[in-house]
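Have a look at the structure below before the remarks.
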Amino acid sequence: MKSGTTRALVGALVLGAAGAVTHPAHAAEITLWHAWRGEERTVLEAATADYQSSHPNDTIELVFVPYEGLATKLEASVPRGNGPDLFIFAHEKLSDWVTTGIVRPVSRPLTHEPPPAADPLHAALTVSDTAATTTYGWPLASKCLALFYNKDLLREPPTTTDALLRIAEQLRDDPAHPTRWGFAWEATSAYQNAAWMHGFGGGLFANGNVALNSAENVAAFDYIQRLAALGPAETSGTLITQLFNEGKVAMVPNGPWFLGEIEPPEKGGPRWGVTTLPVVSETARPMSPWLTVEALFLARDARSANPGSPEQEALARDFAAYLQSPPVALRRATEAHQIVPGVAVDDAVLTTFQAQAKLAQPMPTTPEMSRTWEPLARAFRRLVRGTATPEQAAAEAQTTYLIVSRPAPETVDHRPYAVVFGALVLAATMYGVRRLVAVRAWQSWREYLWIAPGGLAVAALVVAPFLVGASVSLFEVSGSATNGSWRFIGAQHFVDILLSRDFPLSSPSTRALSFWFTLAVTIVWTLTNVVLHVSLGVFLAMMLREPWVRLRSTFRALLILPWAVPNYITALAWKGMFHQQFGAINALLGLFGLAPVSWFAHWSTAFAANVATNTWLGFPFMMVVTLGALQSIPRELEEAAEMDGATGWQRFRLVTLPLLKPALLPAVVLGSVWTFNMFNVIYLVSGGEPDGSTDILVSQAYRWAFTRGHRYGYGAAYAVIIFGVMLVQSRVLNKLAGRKVV
C-alpha cells in the first residue's frame, strides 16, 4: 500500500495531466462501457472524476457491463447507433470487430512515445491487409497466467515441470492430509492449457494452419493427463479459489484478477507468493501462456443522436490519451495492480507478472482462433476423464475443428425461392379470404376488435420473430448477425442438418453432433421426464388429499417451492451436488460404502443427473394440477367402489384416473413442450457432457449459433426444424388426447 504522501503526489500528477491535455473547445458528452470490478473500477471512476474536475463543460458517463455480456451487447448495439463512444475490452475479438465495423482506427496519444513495431501490445492491436497495417485501440494493461503458491505448503516453487510433478505426487500421497493437492488448475480450459502446449513447442497453428494434432501437442496432452490425475476432480475457477483460500492446494496458475479473490491471512487466507510458470523439462522451453491486451477502443459512430460529432470524437480521443498518461498509468499499476506497459513499480507481484508477460504469446485474433475452443475443451475433458489417449484426443480435436469450420455452402439463385414464397403467400391469402367469407366476418367486425390487441401482441412477439428467424436460416451470415455479410444459400442448411453427412453415427467422436442422434436424445429426455413428472405429481397429490396426513397445508407449500425457485438457480445447485469429489450425492453414497461416481463421465449417469434435476423442477406443476382436479371428484364414487370390493389400485385405475384425465392431458401436453426445450438444465447441469451426447435440440442449436464460429444461419435452421418437430408432437398428443388441447 502506498503512503498518504505518495497518494497525494499521484493525485496531484493526475490532476496536472488532466489539465495539461488539450480538451475540445466545445462541450461534449461521451459514454464509456467497461467490465472492470473492484480496485480497477475504483481507480477508473476516481480518474474520471479527476478529469472532469478540469473539464467542467464535458460529461463522461461510465457504464459497467458484466464481462460475460459486454461483447454481445457491443455487437448488438453499436451497428444500430446505440452503443458507447469508448469501451474497454480484451483484444481477442479485434478481427471480427474490424470486419463488422464495430471499432475505428486510432492514433496513438501524444503523451507516449510510439512503441517499437516489435512491441507485443502494439502488434496485438493492429490488423494488416494488402494495403497497410492499421492500429485499433490504445493498450491499457496486459494479462496472463503466472504461478501462485502457498508458502505454508511449499518453501520454494518448482522451476521445472518435472519438479512440479514430483511435488504434486508427494502432496497427493500424504496420508495425514488426504484432501490436499500439490497443483490444481482448470484442466479442461483451452486458455489455461495453452501454456503447456506452447511450452512443449506446439500450439494452435503450424505454417499458418490450425494443427491441433501435432506431435508437440500430443506430448503436452500426455503431461496434462498425468498431472490431472494427481489433482482434484472436475475443477472450476470457483472451486480452485476456494481450495487455495482453504490451504488445500499448494499451487495454482492464475492471472492478476486472482489477486482480488485471495483471502488475506488475517481473515484465514494463506500466506502466498507468485512466480513465473516453470520451464518444460523435456524441451527446456518456458511455459508460455496467452497474453491478452485490455485496450480502450473507439466505437464506430455509436451515438445515433449526433453521430460523428467532431467535439465528441475529440473528447473521446482526449480522454483516451488521459487514461494512458503516465500519472494515471502509475495509479492503475499501484492501486489496481494492473500490468501496465512501460510502467515500472516497486511491487514484487507486478514485477513477476511483467516478467511472465515477456514470456507469453499474444492471443491471435483470427476467426480460426475462436473455432478451436470447443474442440480443445472436448479433447481435454476426455483426457481428464481418462476415456482417450493423448493421441486420440489430439486427433479428435483436429477432426472436430475441421467439422465446425468447414466451408460455407455456395451462393444460390434466390429467384426460384422468391417464386415459391410468393405462391405460398398467395395461397395463404386466398385461404384466409375464403374463411372470412364463409363465416361472414364483415358482419361481425366489431367482435374482432376485442381480440385485436391479443392478435397484435402475438404477431409482434411470436409470428414476426419466427419469420425473421426462418429468413435467416436461408442465409450464410459472416461476422455479426446485425452487421455482417449475408449470402443467400437457400435450403442448404436444412439439407446439411437432416442428412448429417459430416457427423456419421458410427463415429463416437462426432455422432453427438448429428441431428438424428440429438433428436433421439431429446425424445428420450422428454418422455422420461414427463412420465416422472406425472407419476410423482399424481402420487403426492393423492397422498396430500388424505385426511389422516397431518400438516397437509405445510407439505403443499414446501412441495411447491421447487417450482417457485428460478430454474437456473436450482440447476446450479444440483450441478454442485453431483460433483464427483465434493458433491452431496457422492457423500451420501459414501455413507453406504459405495464408491463416488463421476456423474458426467458417462452418458447414462449424466443423463440421470439431468433427469433428476428436471424432475425436481417439474413434479410440483403436475401435483398442483392434480390437487385441483381431485377437488371436483366426489369421494362417494371411490367409497362405492370400495364397498363393491375394489382394491386401492383398482379404485385409482378405474375411478379416479379416468376423472383426472380431462385436467391432466392439457398439463401433459404443456409439460412436454416445456421439457422438450428445457435449455437451462442441460446447459447448466451436464453442459452436454460427455462429449455433447446429452445435448438436446435447443442446446445444440445454441452451440451452432454462438460457440461454433457464430453460424447464425445454421442455428436458425435448427430452430425452424425444432418448431416443425414440436408442431408434429403437439398434433400427435392432441390426437391421443381425443380433442384439441393446444
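Just so we're on the same page: first chain in the C-alpha cells is A, next is B, and so on; residues restart at 1 for each chain, and ligands are numbered from 1 in the order they show up.
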Mind checking which residues fall within 9 Å of segment 668-679 of chain A, counting only C-alpha atoms, ignoring those fewer than 3 positions away in the same chain, and posting them as a list in words?
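My list of contacting residues is Thr522, Ile523, Trp525, Thr526, Leu527, Asn529, Val530, His533, Val534, Asn614, Gly618, Phe621, Met622, Leu664, Leu665, Ile682, Tyr683, Leu684, Ile696, Leu697, Val698, Ser699, Met726, Gln729, Ser730, Leu733, Asn734, Val741 and Val742 of chain A.
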Between atom CA of Pro634 of chain A and atom CA of Leu561 of chain A - distance in Å to one decimal:
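Computed distance, atom CA of Leu561 of chain A to atom CA of Pro634 of chain A, equals 28.5 Å.
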With the cut-off set at 12 Å and counting only C-alpha atoms, tabulate each residue of segment 40-152 of chain A with an atom at most that distance from an atom of segment 194-203 of chain A, showing the nearest atom pair and its distance in Å to one decimal, ordered by chain and increasing number, as CSV.
residue,atom,partner,partner_atom,distance
A:Cys144,CA,A:Ala195,CA,9.9
A:Leu145,CA,A:Ala195,CA,8.4
A:Ala146,CA,A:Ala195,CA,10.0
A:Leu147,CA,A:Ala195,CA,11.5
Report the residues of segment 480-691 of chain A whose backbone DSSP state falls under strand (DSSP E), written as a list in words.
Ser485, Trp486, Arg487 and Phe488 of chain A
Please, what distance in Å, to one decimal, runs between atom CA of Gln392 of chain A and atom CA of Ala190 of chain A?
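Interatomic distance here is 16.7 Å.
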What does the structure give for the distance between atom CA of Leu402 of chain A and atom CA of Arg371 of chain A, in Å to one decimal?
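Going from atom CA of Leu402 of chain A over to atom CA of Arg371 of chain A, I get 9.3 Å.
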Could you tell me which of A:Thr100, A:Asn254, A:Gln312, A:Thr283 comes closest to Pro79 of chain A if we count only C-alpha atoms?
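Nearest to Pro79 of chain A: A:Thr100.
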Please provide as JSON, numbers by chain all residues within 12 Å of Asp695 of chain A, with the sequence filter that same-chain residues fewer than 2 positions apart are discarded (counting only C-alpha atoms).
{"A": [511, 512, 513, 514, 515, 516, 517, 518, 519, 520, 521, 522, 523, 524, 525, 603, 606, 607, 610, 676, 677, 678, 679, 680, 681, 682, 683, 684, 685, 686, 687, 688, 689, 690, 691, 692, 693, 697, 698, 699, 700, 701, 702, 703, 704]}
Identify which of the residues A:Ala541, A:Ala612, A:Val565, A:Val345 lies closest to Gly628 of chain A, counting only C-alpha atoms when measuring atom-to-atom distances.
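Closest to Gly628 of chain A, using only C-alpha atoms: A:Ala541.
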Tell me, as JSON, numbers by chain, which residues lie within 12 Å of Val412 of chain A, counting only C-alpha atoms; anything in the same chain fewer than 2 positions away does not count.
{"A": [409, 410, 414, 415, 416, 417, 474, 475, 476, 487, 488, 489, 490, 491, 492]}
Polymer residues at most 7 Å from segment 377-385 of chain A, only C-alpha atoms, same-chain spacing of 3 or more positions, as an NGL selection string:
:A and (187-190 or 225 or 228 or 373-374 or 388-390 or 393-394 or 396-397 or 601 or 691)
Name all residues at most 12 Å from Arg226 of chain A (count only C-alpha atoms; drop same-chain ones fewer than 4 positions away) and give them as a ChimeraX atom specification.
/A:161-162,164-166,168-169,183,187,219-222,230-231,383-386,389-390
Take the residues from that selection and write them out as a PDB file, in the first residue's frame, keeping C-alpha atoms.
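Produced file selection-v9.pdb, reproduced below:
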ATOM      1  CA  THR A 161       7.701 -29.333 -14.897  1.00  0.00           C
ATOM      2  CA  ASP A 162       9.435 -32.454 -13.541  1.00  0.00           C
ATOM      3  CA  LEU A 164       6.145 -29.692 -10.293  1.00  0.00           C
ATOM      4  CA  LEU A 165       5.065 -33.272 -10.989  1.00  0.00           C
ATOM      5  CA  ARG A 166       7.119 -34.583  -8.042  1.00  0.00           C
ATOM      6  CA  ALA A 168       2.077 -32.961  -6.875  1.00  0.00           C
ATOM      7  CA  GLU A 169       2.790 -36.666  -6.263  1.00  0.00           C
ATOM      8  CA  PHE A 183      -1.323 -28.489  -8.079  1.00  0.00           C
ATOM      9  CA  ALA A 187      -7.746 -28.849 -16.537  1.00  0.00           C
ATOM     10  CA  ALA A 219       3.340 -34.546 -25.713  1.00  0.00           C
ATOM     11  CA  ALA A 220       1.644 -31.653 -23.917  1.00  0.00           C
ATOM     12  CA  PHE A 221      -1.615 -33.631 -23.738  1.00  0.00           C
ATOM     13  CA  ASP A 222       0.253 -36.541 -22.170  1.00  0.00           C
ATOM     14  CA  LEU A 230      -2.819 -36.001  -9.267  1.00  0.00           C
ATOM     15  CA  GLY A 231      -5.225 -33.125  -8.598  1.00  0.00           C
ATOM     16  CA  LEU A 383      -8.123 -36.624 -21.309  1.00  0.00           C
ATOM     17  CA  VAL A 384      -9.065 -35.756 -17.731  1.00  0.00           C
ATOM     18  CA  ARG A 385     -11.734 -38.469 -17.606  1.00  0.00           C
ATOM     19  CA  GLY A 386      -9.252 -40.992 -18.974  1.00  0.00           C
ATOM     20  CA  THR A 389      -5.213 -41.335 -25.016  1.00  0.00           C
ATOM     21  CA  PRO A 390      -3.284 -38.156 -25.825  1.00  0.00           C
TER      22      PRO A 390
END
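Restricting the calculation to only C-alpha atoms, the smallest distance between Trp257 of chain A and any of A:Leu657, A:Val210, A:Leu350, A:Leu62 is found for A:Leu350.
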Name the closest residue to Arg37 of chain A among the candidates A:Pro666, A:Gly269, A:Pro84, A:Pro66; distances are taken between atoms, counting only C-alpha atoms.
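Residue with the minimum atom-to-atom distance to Arg37 of chain A: A:Pro66.
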Pick out the residues sitting within 9 Å of Ser95 of chain A, and hand them over as a PyMOL selection string; count only C-alpha atoms, and ignore anything fewer than 4 positions along from it in its own chain.
chain A and resi 91+99-100+127+365-367
